[in-house]
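Student: So here's coords14.cif (mmCIF, C-alpha atoms).
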```cif
data_start
#
loop_
_atom_site.label_atom_id
_atom_site.label_comp_id
_atom_site.auth_asym_id
_atom_site.auth_seq_id
_atom_site.Cartn_x
_atom_site.Cartn_y
_atom_site.Cartn_z
CA MET A 19 40.66 31.18 -47.64
CA ILE A 20 43.67 32.45 -45.73
CA THR A 21 43.75 36.23 -45.29
CA PRO A 22 45.89 38.45 -43.05
CA GLN A 23 42.81 38.87 -40.86
CA ASN A 24 42.48 35.14 -40.10
CA ILE A 25 46.06 33.86 -40.47
CA PHE A 26 46.56 33.43 -36.72
CA ARG A 27 43.49 31.14 -36.57
CA HIS A 28 44.36 29.21 -39.70
CA GLU A 29 46.34 26.00 -40.22
CA PHE A 30 50.04 26.76 -40.73
CA VAL A 31 51.10 23.41 -42.19
CA GLY A 32 51.96 23.86 -45.84
CA LEU A 33 52.72 27.60 -45.67
CA GLU A 34 56.06 29.12 -46.62
CA VAL A 35 57.69 30.65 -43.56
CA GLU A 36 60.83 32.55 -42.68
CA VAL A 37 62.13 33.33 -39.21
CA VAL A 38 63.04 37.02 -39.32
CA LYS A 39 63.82 37.74 -35.69
CA SER A 40 64.68 35.59 -32.71
CA SER A 41 66.33 35.87 -29.34
CA HIS A 42 68.45 32.88 -30.39
CA LYS A 43 70.62 33.79 -33.37
CA GLY A 44 70.62 30.23 -34.69
CA PHE A 45 66.94 30.43 -35.56
CA THR A 46 67.14 33.67 -37.52
CA GLY A 47 67.11 33.13 -41.26
CA ILE A 48 65.56 29.67 -41.30
CA LYS A 49 63.33 29.49 -44.34
CA GLY A 50 61.13 26.71 -45.61
CA GLU A 51 57.74 25.08 -45.40
CA VAL A 52 55.84 24.30 -42.20
CA VAL A 53 55.45 20.54 -41.82
CA ASP A 54 54.21 20.21 -38.25
CA GLU A 55 53.04 22.29 -35.33
CA THR A 56 52.69 21.71 -31.61
CA LYS A 57 51.67 23.92 -28.73
CA ASN A 58 55.08 25.57 -28.36
CA THR A 59 56.96 24.74 -31.58
CA ILE A 60 56.82 24.87 -35.34
CA LYS A 61 58.66 22.29 -37.47
CA VAL A 62 60.08 23.76 -40.68
CA GLU A 63 61.58 21.78 -43.58
CA ASP A 64 64.18 23.99 -45.23
CA VAL A 65 65.40 23.97 -48.83
CA GLU A 66 68.02 21.32 -48.04
CA GLY A 67 65.39 18.96 -46.69
CA CYS A 68 66.39 19.28 -43.03
CA GLU A 69 63.66 19.60 -40.45
CA LYS A 70 64.18 22.37 -37.93
CA ILE A 71 62.08 22.71 -34.79
CA ILE A 72 61.63 26.34 -33.74
CA PRO A 73 60.03 27.44 -30.46
CA LYS A 74 57.21 29.88 -31.04
CA ASN A 75 57.72 32.22 -28.12
CA VAL A 76 61.22 33.37 -29.06
CA ALA A 77 60.76 34.02 -32.77
CA THR A 78 58.95 36.27 -35.21
CA PHE A 79 57.68 34.46 -38.31
CA ARG A 80 56.99 35.79 -41.76
CA PHE A 81 54.36 33.72 -43.55
CA THR A 82 53.74 33.92 -47.30
CA LEU A 83 50.08 33.31 -48.01
CA PRO A 84 48.82 31.60 -51.21
CA SER A 85 47.69 35.05 -52.39
CA ASN A 86 51.35 36.20 -52.17
CA VAL A 87 50.62 38.52 -49.22
CA VAL A 88 53.39 38.46 -46.63
CA VAL A 89 52.34 38.61 -42.99
CA GLU A 90 54.67 38.96 -40.02
CA VAL A 91 53.45 37.18 -36.90
CA ASP A 92 54.92 37.44 -33.42
CA GLY A 93 55.42 33.89 -32.16
CA ARG A 94 54.17 34.70 -28.69
CA ILE A 95 50.59 35.21 -29.86
CA ILE A 96 50.39 31.81 -31.62
CA VAL A 97 51.57 29.79 -28.61
CA ALA A 98 48.70 27.31 -28.40
CA ARG A 99 47.75 23.91 -29.76
CA PRO A 100 46.45 24.26 -33.32
CA GLU A 101 43.01 23.00 -32.26
CA ASP A 102 42.91 25.55 -29.41
CA ARG A 103 44.13 28.45 -31.53
CA ILE A 104 40.85 28.67 -33.44
CA LYS A 105 39.02 29.42 -30.19
CA LYS A 106 41.54 31.97 -28.93
CA LYS A 107 40.59 35.66 -28.81
CA PHE A 108 43.03 38.20 -30.22
CA ARG A 109 42.98 41.85 -29.21
CA LYS A 110 43.03 44.44 -31.92
CA TYR A 111 45.10 47.55 -31.22
CA MET B 2 83.59 65.89 -22.11
CA GLN B 3 86.14 64.90 -24.79
CA GLY B 4 86.63 61.18 -25.10
CA ASN B 5 83.05 60.63 -23.96
CA TYR B 6 81.66 60.48 -27.46
CA SER B 7 81.72 57.25 -29.47
CA SER B 8 81.06 57.23 -33.21
CA ASN B 9 77.41 56.31 -32.56
CA TYR B 10 76.81 59.29 -30.27
CA ASN B 11 77.57 62.24 -32.44
CA PHE B 12 75.53 65.45 -32.18
CA SER B 13 76.16 66.46 -35.78
CA ASN B 14 75.09 63.14 -37.32
CA SER B 15 72.08 62.28 -35.19
CA MET B 16 68.42 63.20 -35.29
CA PHE B 17 66.76 64.62 -32.18
CA PHE B 18 63.09 64.61 -31.32
CA ASP B 19 60.89 66.32 -28.76
CA LEU B 20 57.59 64.51 -28.56
CA HIS B 21 55.86 66.79 -26.04
CA PHE B 22 55.61 70.24 -27.52
CA HIS B 23 52.84 72.79 -27.01
CA GLY B 24 54.22 75.61 -29.14
CA ASP B 25 53.20 77.28 -32.39
CA GLU B 26 54.94 78.15 -35.66
CA GLU B 27 57.49 80.51 -34.12
CA VAL B 28 58.52 77.90 -31.54
CA ILE B 29 58.76 75.20 -34.22
CA LYS B 30 61.20 77.38 -36.19
CA GLU B 31 63.24 77.95 -33.05
CA ALA B 32 63.31 74.18 -32.40
CA GLU B 33 64.58 73.62 -35.93
CA ARG B 34 67.28 76.23 -35.36
CA LEU B 35 68.38 74.51 -32.13
CA GLY B 36 68.92 71.21 -33.94
CA TYR B 37 65.72 69.21 -33.55
CA SER B 38 64.77 66.94 -36.45
CA GLY B 39 61.24 66.16 -35.31
CA ILE B 40 58.56 67.59 -33.06
CA GLY B 41 55.45 66.05 -31.53
CA LEU B 42 52.93 68.89 -31.65
CA THR B 43 50.75 68.23 -28.62
CA ARG B 44 47.26 69.38 -27.78
CA TYR B 45 45.03 68.36 -24.91
CA PHE B 46 42.25 65.88 -25.64
CA GLU B 47 39.59 68.62 -25.38
CA ASP B 48 41.44 70.85 -27.91
CA PHE B 49 42.23 68.03 -30.36
CA ASN B 50 39.58 68.98 -32.92
CA SER B 51 39.22 69.74 -36.61
CA ASP B 52 40.60 73.29 -36.17
CA PHE B 53 43.82 71.90 -34.76
CA LEU B 54 44.04 69.32 -37.56
CA LYS B 55 43.72 72.06 -40.19
CA GLN B 56 46.33 74.17 -38.39
CA PHE B 57 48.59 71.11 -38.18
CA ASP B 58 48.38 70.49 -41.93
CA ILE B 59 49.39 74.11 -42.60
CA LEU B 60 52.29 73.95 -40.13
CA LYS B 61 53.48 70.64 -41.60
CA ALA B 62 53.48 72.07 -45.11
CA ASN B 63 55.50 75.11 -44.01
CA SER B 64 58.00 73.29 -41.83
CA ASN B 65 61.24 71.53 -42.76
CA ILE B 66 61.26 69.11 -39.83
CA ILE B 67 59.15 66.03 -39.04
CA LEU B 68 55.87 67.02 -37.38
CA LYS B 69 53.62 64.53 -35.60
CA LYS B 70 50.31 65.28 -33.93
CA CYS B 71 50.09 64.16 -30.32
CA ALA B 72 47.04 64.04 -28.09
CA GLU B 73 47.57 64.51 -24.37
CA ILE B 74 44.97 62.84 -22.18
CA SER B 75 44.42 63.73 -18.56
CA CYS B 76 41.82 61.96 -16.48
CA LYS B 77 40.99 60.99 -12.93
CA HIS B 78 39.87 57.39 -13.39
CA PRO B 79 41.15 54.44 -15.42
CA GLU B 80 37.69 53.99 -17.01
CA ASP B 81 37.77 57.58 -18.22
CA LEU B 82 41.26 56.92 -19.60
CA ARG B 83 40.11 53.93 -21.63
CA LYS B 84 37.25 55.88 -23.20
CA LYS B 85 39.51 58.80 -24.15
CA VAL B 86 42.20 56.47 -25.54
CA GLN B 87 39.55 54.70 -27.64
CA LYS B 88 38.33 58.03 -29.05
CA SER B 89 41.68 59.59 -29.80
CA ARG B 90 43.82 56.63 -30.89
CA LYS B 91 42.89 56.81 -34.55
CA LYS B 92 43.07 60.60 -34.82
CA ALA B 93 46.44 61.18 -33.17
CA ASP B 94 49.84 59.96 -34.34
CA ILE B 95 51.14 59.67 -30.78
CA LEU B 96 49.13 59.30 -27.58
CA ILE B 97 50.37 60.84 -24.35
CA VAL B 98 48.74 60.19 -20.98
CA ARG B 99 49.34 62.64 -18.19
CA GLY B 100 50.05 60.67 -15.04
CA GLY B 101 50.03 61.56 -11.38
CA ASP B 102 47.42 59.27 -9.91
CA LEU B 103 48.75 55.78 -9.24
CA LYS B 104 45.68 54.09 -10.75
CA VAL B 105 45.93 56.17 -13.92
CA ASN B 106 49.67 55.45 -14.15
CA ARG B 107 48.95 51.73 -13.84
CA ALA B 108 46.14 51.80 -16.44
CA ALA B 109 48.38 53.69 -18.88
CA CYS B 110 51.28 51.24 -18.44
CA GLU B 111 48.95 48.30 -19.04
CA ASP B 112 47.41 49.73 -22.23
CA LYS B 113 49.30 48.93 -25.44
CA ARG B 114 47.58 51.77 -27.26
CA VAL B 115 49.31 54.38 -25.09
CA ASP B 116 52.67 55.58 -26.37
CA ILE B 117 53.95 57.84 -23.59
CA LEU B 118 53.19 58.23 -19.89
CA SER B 119 53.96 61.84 -19.07
CA GLN B 120 54.80 63.20 -15.62
CA PRO B 121 54.08 60.08 -13.53
CA ASN B 122 55.41 62.01 -10.54
CA ARG B 123 52.97 64.92 -10.94
CA SER B 124 51.71 66.19 -7.57
CA ARG B 125 53.35 63.26 -5.84
CA ARG B 126 56.11 62.84 -3.30
CA ASP B 127 57.34 59.62 -4.92
CA SER B 128 58.20 59.01 -8.56
CA GLY B 129 54.79 57.52 -9.45
CA ILE B 130 56.47 54.41 -10.85
CA ASN B 131 57.29 51.21 -9.01
CA HIS B 132 58.69 47.86 -10.11
CA VAL B 133 55.23 46.58 -11.10
CA LEU B 134 54.49 49.56 -13.37
CA ALA B 135 58.01 49.44 -14.77
CA ARG B 136 57.59 45.79 -15.77
CA LYS B 137 54.19 46.50 -17.35
CA ALA B 138 55.59 49.50 -19.24
CA ALA B 139 58.44 47.37 -20.60
CA GLU B 140 56.05 44.60 -21.72
CA ASN B 141 53.65 47.00 -23.44
CA SER B 142 56.34 49.38 -24.81
CA VAL B 143 54.91 52.40 -23.00
CA ALA B 144 57.56 55.11 -22.80
CA ILE B 145 57.99 57.01 -19.54
CA GLU B 146 58.69 60.69 -19.94
CA ILE B 147 61.14 62.81 -18.00
CA ASN B 148 59.72 66.30 -18.38
CA LEU B 149 62.42 68.91 -17.91
CA LYS B 150 59.89 71.71 -17.63
CA ILE B 151 58.92 70.40 -14.20
CA LEU B 152 62.55 70.44 -13.10
CA LEU B 153 63.24 73.93 -14.34
CA LYS B 154 59.98 75.55 -13.24
CA THR B 155 59.84 73.98 -9.77
CA ASN B 156 60.68 76.24 -6.88
CA LEU B 157 64.31 75.82 -5.87
CA ARG B 158 63.19 74.76 -2.41
CA TYR B 159 61.50 71.62 -3.80
CA ARG B 160 63.77 70.88 -6.73
CA TYR B 161 65.59 68.19 -4.74
CA ARG B 162 62.37 66.17 -4.73
CA VAL B 163 62.00 66.30 -8.50
CA LEU B 164 65.64 65.25 -8.95
CA SER B 165 65.21 62.27 -6.64
CA GLN B 166 62.02 61.27 -8.50
CA PHE B 167 63.87 61.39 -11.83
CA ARG B 168 66.75 59.44 -10.29
CA HIS B 169 64.33 56.71 -9.20
CA ILE B 170 62.81 56.52 -12.70
CA VAL B 171 66.29 56.14 -14.21
CA GLU B 172 67.20 53.36 -11.75
CA LEU B 173 64.02 51.47 -12.65
CA GLN B 174 64.73 51.95 -16.35
CA ARG B 175 68.18 50.38 -15.96
CA LYS B 176 66.65 47.32 -14.33
CA PHE B 177 63.44 46.83 -16.34
CA LYS B 178 64.46 48.37 -19.71
CA PHE B 179 61.27 50.26 -20.48
CA PRO B 180 61.56 53.06 -23.07
CA LEU B 181 62.55 56.38 -21.49
CA ILE B 182 62.33 59.74 -23.24
CA ILE B 183 63.24 63.27 -22.22
CA THR B 184 61.09 66.18 -23.36
CA SER B 185 60.93 69.90 -22.78
CA SER B 186 57.13 70.40 -22.98
CA ALA B 187 57.89 73.80 -24.51
CA SER B 188 55.14 76.41 -24.91
CA PHE B 189 57.44 79.36 -25.67
CA LYS B 190 60.74 79.53 -27.46
CA TYR B 191 62.55 80.18 -24.19
CA ASP B 192 61.33 76.82 -22.82
CA LEU B 193 63.32 74.97 -25.47
CA ILE B 194 66.56 73.25 -24.50
CA THR B 195 69.26 72.20 -26.94
CA PRO B 196 70.13 68.49 -27.13
CA GLN B 197 73.62 69.23 -25.81
CA ASP B 198 72.14 70.94 -22.75
CA ILE B 199 69.74 68.05 -22.16
CA THR B 200 72.58 65.52 -22.07
CA ALA B 201 74.49 67.78 -19.70
CA LEU B 202 71.48 68.43 -17.45
CA SER B 203 70.65 64.72 -17.27
CA LYS B 204 73.87 64.11 -15.36
CA SER B 205 72.23 65.84 -12.39
CA PHE B 206 69.83 62.91 -12.02
CA GLN B 207 72.59 60.35 -12.71
CA MET B 208 71.78 59.52 -16.28
CA SER B 209 74.78 58.58 -18.41
CA PHE B 210 75.55 60.41 -21.64
CA GLU B 211 74.58 57.38 -23.74
CA GLU B 212 71.27 56.95 -21.91
CA SER B 213 70.27 60.58 -22.29
CA PHE B 214 71.38 60.62 -25.93
CA ASP B 215 69.18 57.61 -26.67
CA ALA B 216 66.30 59.22 -24.76
CA ILE B 217 66.25 62.20 -27.13
CA SER B 218 67.16 60.47 -30.38
CA LYS B 219 66.83 56.70 -30.67
CA ILE B 220 63.78 56.03 -28.46
CA PRO B 221 61.56 58.84 -29.86
CA GLN B 222 62.52 57.75 -33.37
CA GLU B 223 61.38 54.19 -32.58
CA ILE B 224 58.08 55.50 -31.20
CA ILE B 225 57.48 57.45 -34.41
CA GLU B 226 58.36 54.44 -36.59
CA ILE B 227 56.06 52.10 -34.66
CA ASN B 228 53.19 54.54 -34.97
CA ASP B 229 53.76 54.98 -38.69
CA LEU B 230 53.31 51.21 -39.06
CA ARG B 231 50.26 51.05 -36.78
CA ASP B 232 47.82 50.93 -39.70
CA ASN B 233 49.48 47.72 -40.94
CA PHE B 234 48.71 45.85 -37.72
CA VAL B 235 45.69 43.54 -38.09
CA VAL B 236 45.70 42.46 -34.46
CA ASP B 237 48.31 42.82 -31.76
CA GLY B 238 51.38 40.94 -33.06
CA VAL B 239 50.27 40.44 -36.67
CA ARG B 240 51.51 42.86 -39.32
CA ILE B 241 50.96 42.95 -43.06
CA MET B 242 54.24 43.49 -44.91
CA GLU B 243 54.24 45.52 -48.12
#
```
What do you get writing this file as structure tokens?
Tutor:
Amino acid sequence: MITPQNIFRHEFVGLEVEVVKSSHKGFTGIKGEVVDETKNTIKVEDVEGCEKIIPKNVATFRFTLPSNVVVEVDGRIIVARPEDRIKKKFRKY
Amino acid sequence: MQGNYSSNYNFSNSMFFDLHFHGDEEVIKEAERLGYSGIGLTRYFEDFNSDFLKQFDILKANSNIILKKCAEISCKHPEDLRKKVQKSRKKADILIVRGGDLKVNRAACEDKRVDILSQPNRSRRDSGINHVLARKAAENSVAIEINLKILLKTNLRYRYRVLSQFRHIVELQRKFKFPLIITSSASFKYDLITPQDITALSKSFQMSFEESFDAISKIPQEIIEINDLRDNFVVDGVRIME
């Protein structure tokens, strides 16, 4: 089950996402469902059906979990292949 | 001075904060009278105990301005610093590390749990900050403090050294964009300085009006806001939204 405590280790494909902050203004405001993920990018299908590829390290994502909890994730900490992300250690501050 | 003020930099409309403040109730009232909107009531790590927390709650209830409890840590070794930061992070709203030693300055700039590095130039001939520490401070959002008490209490014969240290810190801030704050470290009401005087005094170490205005209003406000949200952070970079 996806919780805010394990979101960064979980599979993102299928989650609702919104880009809330980015160093590139064109990425800010993109909203949709995650359809694919690579080491450095996330592919989002928006409401119009267009697929947008967003680099992880320049954006802050807001994921809506199935339990309706909204979690904001800095893209820089999820830069990794999905299969490598489950092994990654995250510091708690 | 006229024509120097844009609509964003207005003394009457802005909030001012002093995050390094050792005073008591009388000094807090004087700070409110001088125009401060928020104070970081600071106690040393050894004095940050339940008595202070009770006193803080009473002062907060009786005061009209924002009060935050700050713990000031001083140590000789980076390992000692990490232990004290671990112990005091949850109790204090804002964490201040007293610098001076280059290793302690470096450890503080590399630790994301530290909010402010105070007096990096303490007992030093140089400023205590170099390009490496400046970059680390910018990455980890550790604010560097310019403590005006040092400038005003230093013997006139050595004041040139303090000014050149502050000037070096300001030059590094322009290049590396780490947060920079100005505090008075007031213990008595005569140590307090009005925000207008701070912006005027900061010209002596070549800080522009906008930079000094941000250092006493915008940057401390951001530090307070980040620390208010600290409980919502699950891990570094992941935050639960309401």
Student: Report as a list in words the full result of the PyMOL selection byres ((chain A and resi 96-110) around 7) when it is applied to this structure.
Tutor: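 After applying the PyMOL selection byres ((chain A and resi 96-110) around 7), what remains is Phe26, Arg27, Thr56, Lys57, Asn58, Lys74, Asn75, Gly93, Arg94, Ile95 and Tyr111 of chain A; Val235, Val236 and Asp237 of chain B.
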Student: Kindly indicate which residue among B:His169, B:Lys70, B:Arg107, B:Arg240 lies nearest to Asp58 (chain B), using all atoms listed in the file for the distances.
Tutor: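 Closest candidate: B:Lys70.
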Student: Would you list the residues near (66.3, 56.2, -24.4) (no more than 6 Å away, in the coordinates of the file, using all atoms listed in the file) as a VMD selection string?
Tutor: chain B and resid 180 to 182 212 215 to 216 220
Student: On this file, the PyMOL selection byres ((chain B) within 10 of (chain A)) gives some set of residues; write that set as number ranges by chain.
Tutor: B: 87, 90, 112-114, 231-243
Student: Those same residues, written as a PDB file, in the frame of the given file with C-alpha atoms?
Tutor:
```pdb
ATOM      1  CA  GLN B  87      39.550  54.700 -27.640  1.00  0.00           C
ATOM      2  CA  ARG B  90      43.820  56.630 -30.890  1.00  0.00           C
ATOM      3  CA  ASP B 112      47.410  49.730 -22.230  1.00  0.00           C
ATOM      4  CA  LYS B 113      49.300  48.930 -25.440  1.00  0.00           C
ATOM      5  CA  ARG B 114      47.580  51.770 -27.260  1.00  0.00           C
ATOM      6  CA  ARG B 231      50.260  51.050 -36.780  1.00  0.00           C
ATOM      7  CA  ASP B 232      47.820  50.930 -39.700  1.00  0.00           C
ATOM      8  CA  ASN B 233      49.480  47.720 -40.940  1.00  0.00           C
ATOM      9  CA  PHE B 234      48.710  45.850 -37.720  1.00  0.00           C
ATOM     10  CA  VAL B 235      45.690  43.540 -38.090  1.00  0.00           C
ATOM     11  CA  VAL B 236      45.700  42.460 -34.460  1.00  0.00           C
ATOM     12  CA  ASP B 237      48.310  42.820 -31.760  1.00  0.00           C
ATOM     13  CA  GLY B 238      51.380  40.940 -33.060  1.00  0.00           C
ATOM     14  CA  VAL B 239      50.270  40.440 -36.670  1.00  0.00           C
ATOM     15  CA  ARG B 240      51.510  42.860 -39.320  1.00  0.00           C
ATOM     16  CA  ILE B 241      50.960  42.950 -43.060  1.00  0.00           C
ATOM     17  CA  MET B 242      54.240  43.490 -44.910  1.00  0.00           C
ATOM     18  CA  GLU B 243      54.240  45.520 -48.120  1.00  0.00           C
TER      19      GLU B 243
END
```
Student: Select all residues near (54.2, 57.8, -21.9) (cut-off 7 Å, inclusive, file coordinates), counting all atoms listed in the file, and output them as a ChimeraX atom specification.
Tutor: /B:97-98,115-119,143-146
Student: Work out how far apart CA of Ser186 (chain B) and CA of Glu211 (chain B) are and give it in Å to one decimal.
Tutor: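 According to the coordinates, CA of Ser186 (chain B) and CA of Glu211 (chain B) are separated by 21.8 Å.
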Student: Leaving out Ile29 (chain B) and any residue of its chain fewer than 5 positions from it, which residues lie within 9 Å of it when counting all atoms listed in the file, given as a PDB file with C-alpha atoms, in the frame of the given file?
Tutor:
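Output file around16.pdb follows:
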```pdb
ATOM      1  CA  PHE B  22      55.610  70.240 -27.520  1.00  0.00           C
ATOM      2  CA  GLY B  24      54.220  75.610 -29.140  1.00  0.00           C
ATOM      3  CA  ARG B  34      67.280  76.230 -35.360  1.00  0.00           C
ATOM      4  CA  ILE B  40      58.560  67.590 -33.060  1.00  0.00           C
ATOM      5  CA  LEU B  42      52.930  68.890 -31.650  1.00  0.00           C
ATOM      6  CA  LEU B  60      52.290  73.950 -40.130  1.00  0.00           C
ATOM      7  CA  SER B  64      58.000  73.290 -41.830  1.00  0.00           C
ATOM      8  CA  ILE B  66      61.260  69.110 -39.830  1.00  0.00           C
ATOM      9  CA  LYS B 190      60.740  79.530 -27.460  1.00  0.00           C
TER      10      LYS B 190
END
```
Student: In Å to one decimal, how far is CA of Ala201 (chain B) from CA of Lys154 (chain B)?
Tutor: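 These two atoms are separated by 17.7 Å.
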Student: Please report the interatomic distance between CA of Pro121 (chain B) and CA of Arg168 (chain B) in Å with one decimal.
Tutor: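 That distance, rounded to one decimal, is 13.1 Å.
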Student: Residues within 9 Å of Phe18 (chain B), please, as a PyMOL selection string. Count all atoms listed in the file; anything in the same chain fewer than 6 positions from it doesn't count.
Tutor: chain B and resi 37-41+67+184+217-219+221-222
Student: If you count all atoms listed in the file, which residues fall within 7 Å of region 39-48 of chain A, apart from same-chain ones fewer than 4 positions away, as an MDAnalysis selection string?
Tutor: chainID A and resid 72 76:78
Student: Please produce a file of the residues just selected, as a PDB file, keeping the file's coordinate frame, where the atoms kept are C-alpha atoms.
Tutor:
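Listed below is the output, out-v1.pdb:
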```pdb
ATOM      1  CA  ILE A  72      61.630  26.340 -33.740  1.00  0.00           C
ATOM      2  CA  VAL A  76      61.220  33.370 -29.060  1.00  0.00           C
ATOM      3  CA  ALA A  77      60.760  34.020 -32.770  1.00  0.00           C
ATOM      4  CA  THR A  78      58.950  36.270 -35.210  1.00  0.00           C
TER       5      THR A  78
END
```
Student: Quick one: everything within 10 Å of Glu73 (chain B), counting all atoms listed in the file, minus sequence neighbours fewer than 4 positions away in the same chain. Send it as a ChimeraX atom specification.
Tutor: /B:21,43-49,85-86,89,93,95-99,117-119
Student: Skip Val163 (chain B) itself and residues of its chain fewer than 6 positions away, then list as a ChimeraX atom specification all residues within 10 Å of it, counting all atoms listed in the file.
Tutor: /B:122-123,125-128,149,151-153,155,169,206
Student: Axis-aligned box over every listed atom of region 42-49 of chain B, padded by 3 Å per side: centre and edges in Å to one decimal, as lines of an AutoDock Vina configuration file?
Tutor:
```
center_x = 46.3
center_y = 68.4
center_z = -28.3
size_x = 19.3
size_y = 11.0
size_z = 12.7
```
